[in-house]
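The structure under discussion appears below in the form of C-alpha cells.
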Amino acid sequence: MTSYAQSLTASGLKIDWAKMPTYNTIMSVAAGAGLLLVVALGRQLLTRGRIATPDGWALAFGALGFTLVVTGLHMTLTWPLAGQGFPFDNIIFGEPALAFGVFLLSASFYLWKRAAEFAVEDGIERTSRVALPISVFVFGMGLACFGIAAAGWKYTLFAAPPEEPISGEFANYPWLEASFMSGLYVLVGIGALLFPVALRTPRTWMSPTIGVVWGLAGLAFLIFGGLNYFTHIGLIVNTM
C-alpha cells in the first residue's frame with residue numbers, strides 16, 4: 001500500500017507553511033500530560049479517598065485544558081487546515097484535542113469550586129456521580145478514537161515523509177508509524193469506553209485497566225510531542 005506521505009513525496013513535497021498551521025507539537029505534550037494527571041488523580045482518589053492540594057490540580061487541569069481548547073478549536077474550525085497536504089489533521093488532532101480540553105477545563109472548574117470539600121471528605125463516590133453524565137461524551141470520543149485508529153491503519157495517515165528527521169528514516173515502512181499512532185488512539189479509546197462503567201463500580205478491575213492504558217498513551221504522547229519539536233522543525237526547514 002502506498003502511503004499518503006509517499007504519494008506527496010513522489011511529486012516533490014513542498015509545503016507553503018504560511019498556510020499550514022502546525023501546532024500538534026504542543027497539543028501532543030498537553031494531551032499526554034493531561035492523561036497522566038487524570039490517571040494520577042484517579043489513583044489518589046481510589047487509594048486515599050481524597051485529593052491533596054485540589055487547588056493545584058485545578059491549576060494544572062486549567063492550564064492544559066486552555067492549551068488544548070484554544071489550539072483544538074482553531075484547528076477544528078480551520079477547514080481544511082491546509083490547501084495541500086494534510087486536511088485530515090482537523091479531524092485526527094483538532095477535534096479530540098478540543099474535546100479533551102473541554103473535559104480538563106470542566107474538571108478544573110469543579111475542583112476549584114469544591115477544593116475545600118475534596119481536602120477532607122471521601123470523594124470517590126461523589127466524583128463518580130458527578131462525572132457520570134459527561135461520561136456519555138467520553139464514551140463517544142472513545143468510539144471516535146477507534147475510528148481514527150482504523151483510518152490511520154487503512155490509509156497510513158501518520159506515516160512521515162522522508163523530509164522529516166528521524167521519523168522520515170522509516171518512510172519506506174509507512175505501516176510502522178501508522179501502527180504506533182493508531183495504537184495510541186486505541187489505548188485512549190479503550191479507557192474511554194470503560195470509563196462510564198468504571199464510574200458505576202469504581203473499585204473493580206476496570207479502574208486499574210483505565211489507568212494502565214491511559215498512562216501508557218499519556219507517556220507516549222508526552223515523549224512523542226517533545227520529540228516532534230525537533231522533527232517538525234526539520235520538516236519545515238526541508239520543505240519550505
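Just remember, in the C-alpha cells the first chain shown is A, the second B, etc., residues are 1-based per chain, and ligands are 1-based in the order shown.
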
Residues within 9 Å of Ala33 of chain A, only C-alpha atoms, excluding chain neighbours under 2 positions, as JSON, numbers by chain: {"A": [28, 29, 30, 31, 35, 36, 37, 38, 64, 218, 219, 221, 222]}

Output C-alpha atoms for every residue in that selection, as a PDB file, in the first residue's frame.
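Listed below is the output, selection27.pdb:
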ATOM      1  CA  SER A  28       0.569  16.239  21.968  1.00  0.00           C
ATOM      2  CA  VAL A  29       2.562  17.358  25.017  1.00  0.00           C
ATOM      3  CA  ALA A  30      -0.537  18.825  26.680  1.00  0.00           C
ATOM      4  CA  ALA A  31      -2.682  15.773  25.879  1.00  0.00           C
ATOM      5  CA  LEU A  35      -3.822  11.854  30.511  1.00  0.00           C
ATOM      6  CA  LEU A  36      -1.048  11.250  33.047  1.00  0.00           C
ATOM      7  CA  LEU A  37      -2.578  13.714  35.501  1.00  0.00           C
ATOM      8  CA  VAL A  38      -6.044  12.189  35.126  1.00  0.00           C
ATOM      9  CA  LEU A  64      -3.667  22.069  29.975  1.00  0.00           C
ATOM     10  CA  GLY A 218      -0.156   9.699  28.022  1.00  0.00           C
ATOM     11  CA  LEU A 219       3.536   8.907  28.416  1.00  0.00           C
ATOM     12  CA  PHE A 221       2.059  11.324  23.638  1.00  0.00           C
ATOM     13  CA  LEU A 222       4.211  13.378  26.019  1.00  0.00           C
TER      14      LEU A 222
END

Given only C-alpha atoms as the counted atoms, nearest of A:Phe66, A:Trp214, A:Phe195, A:Tyr229 to Glu164 of chain A: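 Closest residue, counting only C-alpha atoms: A:Tyr229.
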
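Among the candidate residues A:Val130, A:Ala63, A:Leu41, A:Ile91, the one lying nearest to Trp79 of chain A is A:Ile91, with distances computed using only C-alpha atoms.
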
For atom CA of Val237 of chain A and atom CA of Asn24 of chain A, the interatomic separation in Å (one decimal):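 If I compute the distance from atom CA of Val237 of chain A to atom CA of Asn24 of chain A, I get 17.0 Å.
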
Write out as number ranges by chain all residues of segment 1-239 of chain A that backbone DSSP assigns to alpha helix (DSSP H). A: 4-10, 24-48, 54-77, 89, 95-113, 115-120, 124-131, 135-155, 174-200, 206-239

Choose the residue, out of A:Gly34, A:Cys145, A:Gln44, A:Gly123, that has the smallest atom-to-atom separation from Ser108 of chain A; count only C-alpha atoms. A:Gly34

Residue nearest Leu98 of chain A among A:Gly152, A:Phe139, A:Met27, A:Ile166 (counting only C-alpha atoms):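 Answer, going by the shortest atom-to-atom distance: A:Met27.
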
Using only C-alpha atoms, which residues sit within 12 Å of segment 197-205 of chain A once same-chain residues fewer than 6 positions away are excluded, as a CSV table (one decimal) with all heavy atoms, in the first residue's frame?
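Below you can see part_10.csv, which holds the result:
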chain,number,residue,atom,x,y,z
A,42,GLY,N,-7.0,10.0,39.6
A,42,GLY,CA,-7.9,8.8,39.9
A,42,GLY,C,-7.2,7.9,40.9
A,42,GLY,O,-7.9,7.4,41.8
A,43,ARG,N,-6.0,7.6,40.8
A,43,ARG,CA,-5.3,6.8,41.7
A,43,ARG,C,-5.3,7.4,43.1
A,43,ARG,O,-5.5,6.6,44.1
A,43,ARG,CB,-3.8,6.6,41.3
A,43,ARG,CG,-3.0,5.7,42.2
A,43,ARG,CD,-1.6,5.6,41.7
A,43,ARG,NE,-0.7,4.9,42.7
A,43,ARG,CZ,-0.7,3.6,42.9
A,43,ARG,NH1,-1.4,2.8,42.1
A,43,ARG,NH2,0.1,3.0,43.8
A,45,LEU,N,-7.6,9.3,44.4
A,45,LEU,CA,-9.0,9.2,44.9
A,45,LEU,C,-9.2,7.8,45.3
A,45,LEU,O,-9.9,7.5,46.4
A,45,LEU,CB,-10.0,9.6,43.8
A,45,LEU,CG,-10.2,11.1,43.7
A,45,LEU,CD1,-11.1,11.3,42.4
A,45,LEU,CD2,-10.9,11.7,44.9
A,46,LEU,N,-8.8,6.8,44.6
A,46,LEU,CA,-9.0,5.4,44.9
A,46,LEU,C,-8.3,4.9,46.1
A,46,LEU,O,-8.7,4.1,46.9
A,46,LEU,CB,-8.7,4.5,43.7
A,46,LEU,CG,-9.7,4.6,42.5
A,46,LEU,CD1,-9.1,3.9,41.3
A,46,LEU,CD2,-11.0,3.9,42.9
A,47,THR,N,-7.0,5.4,46.3
A,47,THR,CA,-6.2,4.9,47.4
A,47,THR,C,-6.4,5.7,48.7
A,47,THR,O,-6.3,5.2,49.8
A,47,THR,CB,-4.7,4.9,47.0
A,47,THR,OG1,-4.4,6.3,46.5
A,47,THR,CG2,-4.5,4.0,45.8
A,49,GLY,N,-8.9,8.3,49.0
A,49,GLY,CA,-10.3,8.8,49.2
A,49,GLY,C,-10.5,10.3,49.2
A,49,GLY,O,-11.6,10.8,49.4
A,123,GLY,N,-14.0,11.4,48.4
A,123,GLY,CA,-14.5,12.0,47.2
A,123,GLY,C,-14.8,11.0,46.1
A,123,GLY,O,-15.3,11.4,45.1
A,124,ILE,N,-14.4,9.7,46.2
A,124,ILE,CA,-14.5,8.8,45.1
A,124,ILE,C,-16.0,8.6,44.6
A,124,ILE,O,-16.3,8.7,43.4
A,124,ILE,CB,-13.8,7.5,45.3
A,124,ILE,CG1,-13.8,6.6,44.1
A,124,ILE,CG2,-14.4,6.8,46.5
A,124,ILE,CD1,-13.1,7.2,42.9
A,125,GLU,N,-16.9,8.4,45.6
A,125,GLU,CA,-18.3,8.1,45.2
A,125,GLU,C,-18.9,9.4,44.7
A,125,GLU,O,-19.6,9.3,43.7
A,125,GLU,CB,-19.1,7.6,46.5
A,125,GLU,CG,-18.6,6.3,47.0
A,125,GLU,CD,-18.7,5.2,46.0
A,125,GLU,OE1,-19.6,5.2,45.2
A,125,GLU,OE2,-17.9,4.2,46.1
A,126,ARG,N,-18.7,10.5,45.3
A,126,ARG,CA,-19.3,11.8,44.8
A,126,ARG,C,-18.7,12.1,43.4
A,126,ARG,O,-19.4,12.6,42.5
A,126,ARG,CB,-19.1,12.9,45.8
A,126,ARG,CG,-19.6,14.2,45.4
A,126,ARG,CD,-19.9,15.1,46.6
A,126,ARG,NE,-18.8,15.2,47.4
A,126,ARG,CZ,-17.8,16.1,47.3
A,126,ARG,NH1,-17.8,16.9,46.2
A,126,ARG,NH2,-16.8,16.1,48.1
A,127,THR,N,-17.4,11.9,43.3
A,127,THR,CA,-16.8,12.2,42.0
A,127,THR,C,-17.4,11.4,40.9
A,127,THR,O,-17.6,11.8,39.7
A,127,THR,CB,-15.3,12.0,42.0
A,127,THR,OG1,-14.7,12.9,43.1
A,127,THR,CG2,-14.6,12.4,40.7
A,128,SER,N,-17.6,10.1,41.2
A,128,SER,CA,-18.2,9.2,40.2
A,128,SER,C,-19.6,9.6,39.8
A,128,SER,O,-19.9,9.6,38.6
A,128,SER,CB,-18.3,7.8,40.8
A,128,SER,OG,-17.0,7.3,41.1
A,129,ARG,N,-20.4,10.1,40.7
A,129,ARG,CA,-21.8,10.5,40.4
A,129,ARG,C,-21.7,11.8,39.6
A,129,ARG,O,-22.5,12.0,38.6
A,129,ARG,CB,-22.6,10.7,41.7
A,129,ARG,CG,-22.9,9.5,42.5
A,129,ARG,CD,-24.0,9.7,43.5
A,129,ARG,NE,-23.5,10.7,44.5
A,129,ARG,CZ,-22.9,10.4,45.6
A,129,ARG,NH1,-22.6,9.2,45.9
A,129,ARG,NH2,-22.5,11.4,46.5
A,130,VAL,N,-20.8,12.7,39.9
A,130,VAL,CA,-20.7,14.0,39.2
A,130,VAL,C,-20.3,13.7,37.8
A,130,VAL,O,-20.7,14.4,36.8
A,130,VAL,CB,-19.8,14.9,40.0
A,130,VAL,CG1,-19.5,16.1,39.1
A,130,VAL,CG2,-20.4,15.4,41.3
A,131,ALA,N,-19.3,12.8,37.6
A,131,ALA,CA,-18.7,12.6,36.3
A,131,ALA,C,-19.6,11.7,35.4
A,131,ALA,O,-19.3,11.6,34.2
A,131,ALA,CB,-17.3,12.0,36.4
A,132,LEU,N,-20.6,11.1,35.9
A,132,LEU,CA,-21.4,10.1,35.1
A,132,LEU,C,-22.1,10.7,33.9
A,132,LEU,O,-22.0,10.2,32.8
A,132,LEU,CB,-22.4,9.4,36.0
A,132,LEU,CG,-23.0,8.1,35.5
A,132,LEU,CD1,-22.0,7.1,35.2
A,132,LEU,CD2,-24.0,7.6,36.5
A,133,PRO,N,-22.7,11.9,34.0
A,133,PRO,CA,-23.3,12.5,32.8
A,133,PRO,C,-22.4,12.8,31.7
A,133,PRO,O,-22.6,12.5,30.5
A,133,PRO,CB,-24.0,13.8,33.3
A,133,PRO,CG,-24.2,13.5,34.8
A,133,PRO,CD,-23.1,12.7,35.2
A,134,ILE,N,-21.2,13.4,32.0
A,134,ILE,CA,-20.2,13.7,31.0
A,134,ILE,C,-19.6,12.4,30.4
A,134,ILE,O,-19.0,12.5,29.3
A,134,ILE,CB,-19.1,14.7,31.5
A,134,ILE,CG1,-18.4,15.4,30.4
A,134,ILE,CG2,-18.2,13.9,32.4
A,134,ILE,CD1,-19.2,16.3,29.5
A,135,SER,N,-19.7,11.3,31.1
A,135,SER,CA,-19.1,10.1,30.6
A,135,SER,C,-19.7,9.6,29.3
A,135,SER,O,-19.1,8.8,28.6
A,135,SER,CB,-19.2,9.0,31.7
A,135,SER,OG,-20.5,8.5,31.8
A,136,VAL,N,-20.9,10.1,29.0
A,136,VAL,CA,-21.5,9.7,27.7
A,136,VAL,C,-20.7,10.3,26.6
A,136,VAL,O,-20.4,9.7,25.5
A,136,VAL,CB,-23.0,10.3,27.6
A,136,VAL,CG1,-23.6,10.0,26.2
A,136,VAL,CG2,-23.8,9.6,28.7
A,138,VAL,N,-17.5,11.2,26.9
A,138,VAL,CA,-16.2,10.5,26.9
A,138,VAL,C,-16.3,9.1,26.1
A,138,VAL,O,-15.4,8.8,25.3
A,138,VAL,CB,-15.8,10.2,28.3
A,138,VAL,CG1,-14.5,9.3,28.4
A,138,VAL,CG2,-15.6,11.5,29.1
A,139,PHE,N,-17.4,8.4,26.3
A,139,PHE,CA,-17.7,7.2,25.6
A,139,PHE,C,-17.7,7.4,24.1
A,139,PHE,O,-17.1,6.7,23.3
A,139,PHE,CB,-19.0,6.5,26.0
A,139,PHE,CG,-19.3,5.2,25.4
A,139,PHE,CD1,-18.8,4.0,26.0
A,139,PHE,CD2,-20.1,5.1,24.3
A,139,PHE,CE1,-19.1,2.8,25.4
A,139,PHE,CE2,-20.4,3.9,23.7
A,139,PHE,CZ,-19.9,2.7,24.2
A,190,ILE,N,-9.9,2.6,24.5
A,190,ILE,CA,-10.3,1.5,25.4
A,190,ILE,C,-10.6,2.1,26.8
A,190,ILE,O,-11.7,1.8,27.4
A,190,ILE,CB,-9.1,0.5,25.6
A,190,ILE,CG1,-8.9,-0.3,24.3
A,190,ILE,CG2,-9.4,-0.4,26.8
A,190,ILE,CD1,-7.7,-1.2,24.3
A,191,GLY,N,-9.8,3.0,27.2
A,191,GLY,CA,-10.1,3.7,28.5
A,191,GLY,C,-11.4,4.5,28.5
A,191,GLY,O,-12.1,4.5,29.5
A,211,GLY,N,-6.3,3.1,34.1
A,211,GLY,CA,-5.1,3.7,34.5
A,211,GLY,C,-3.9,3.3,33.6
A,211,GLY,O,-3.0,4.1,33.3
A,212,VAL,N,-3.8,2.0,33.3
A,212,VAL,CA,-2.7,1.5,32.5
A,212,VAL,C,-2.8,2.0,31.1
A,212,VAL,O,-1.8,2.5,30.6
A,212,VAL,CB,-2.7,-0.1,32.6
A,212,VAL,CG1,-1.7,-0.6,31.5
A,212,VAL,CG2,-2.4,-0.6,34.0

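The nearest approach to Pro96 of chain A among the residues A:Val39, A:Ile51, A:Ala192, A:Trp112, with only C-alpha atoms taken into account, belongs to A:Ala192.
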
My list of candidates is A:Leu104, A:Ala97, A:Ala220, A:Leu143. Which is closest to Gly65 of chain A when distances are computed with only C-alpha atoms? A:Leu104
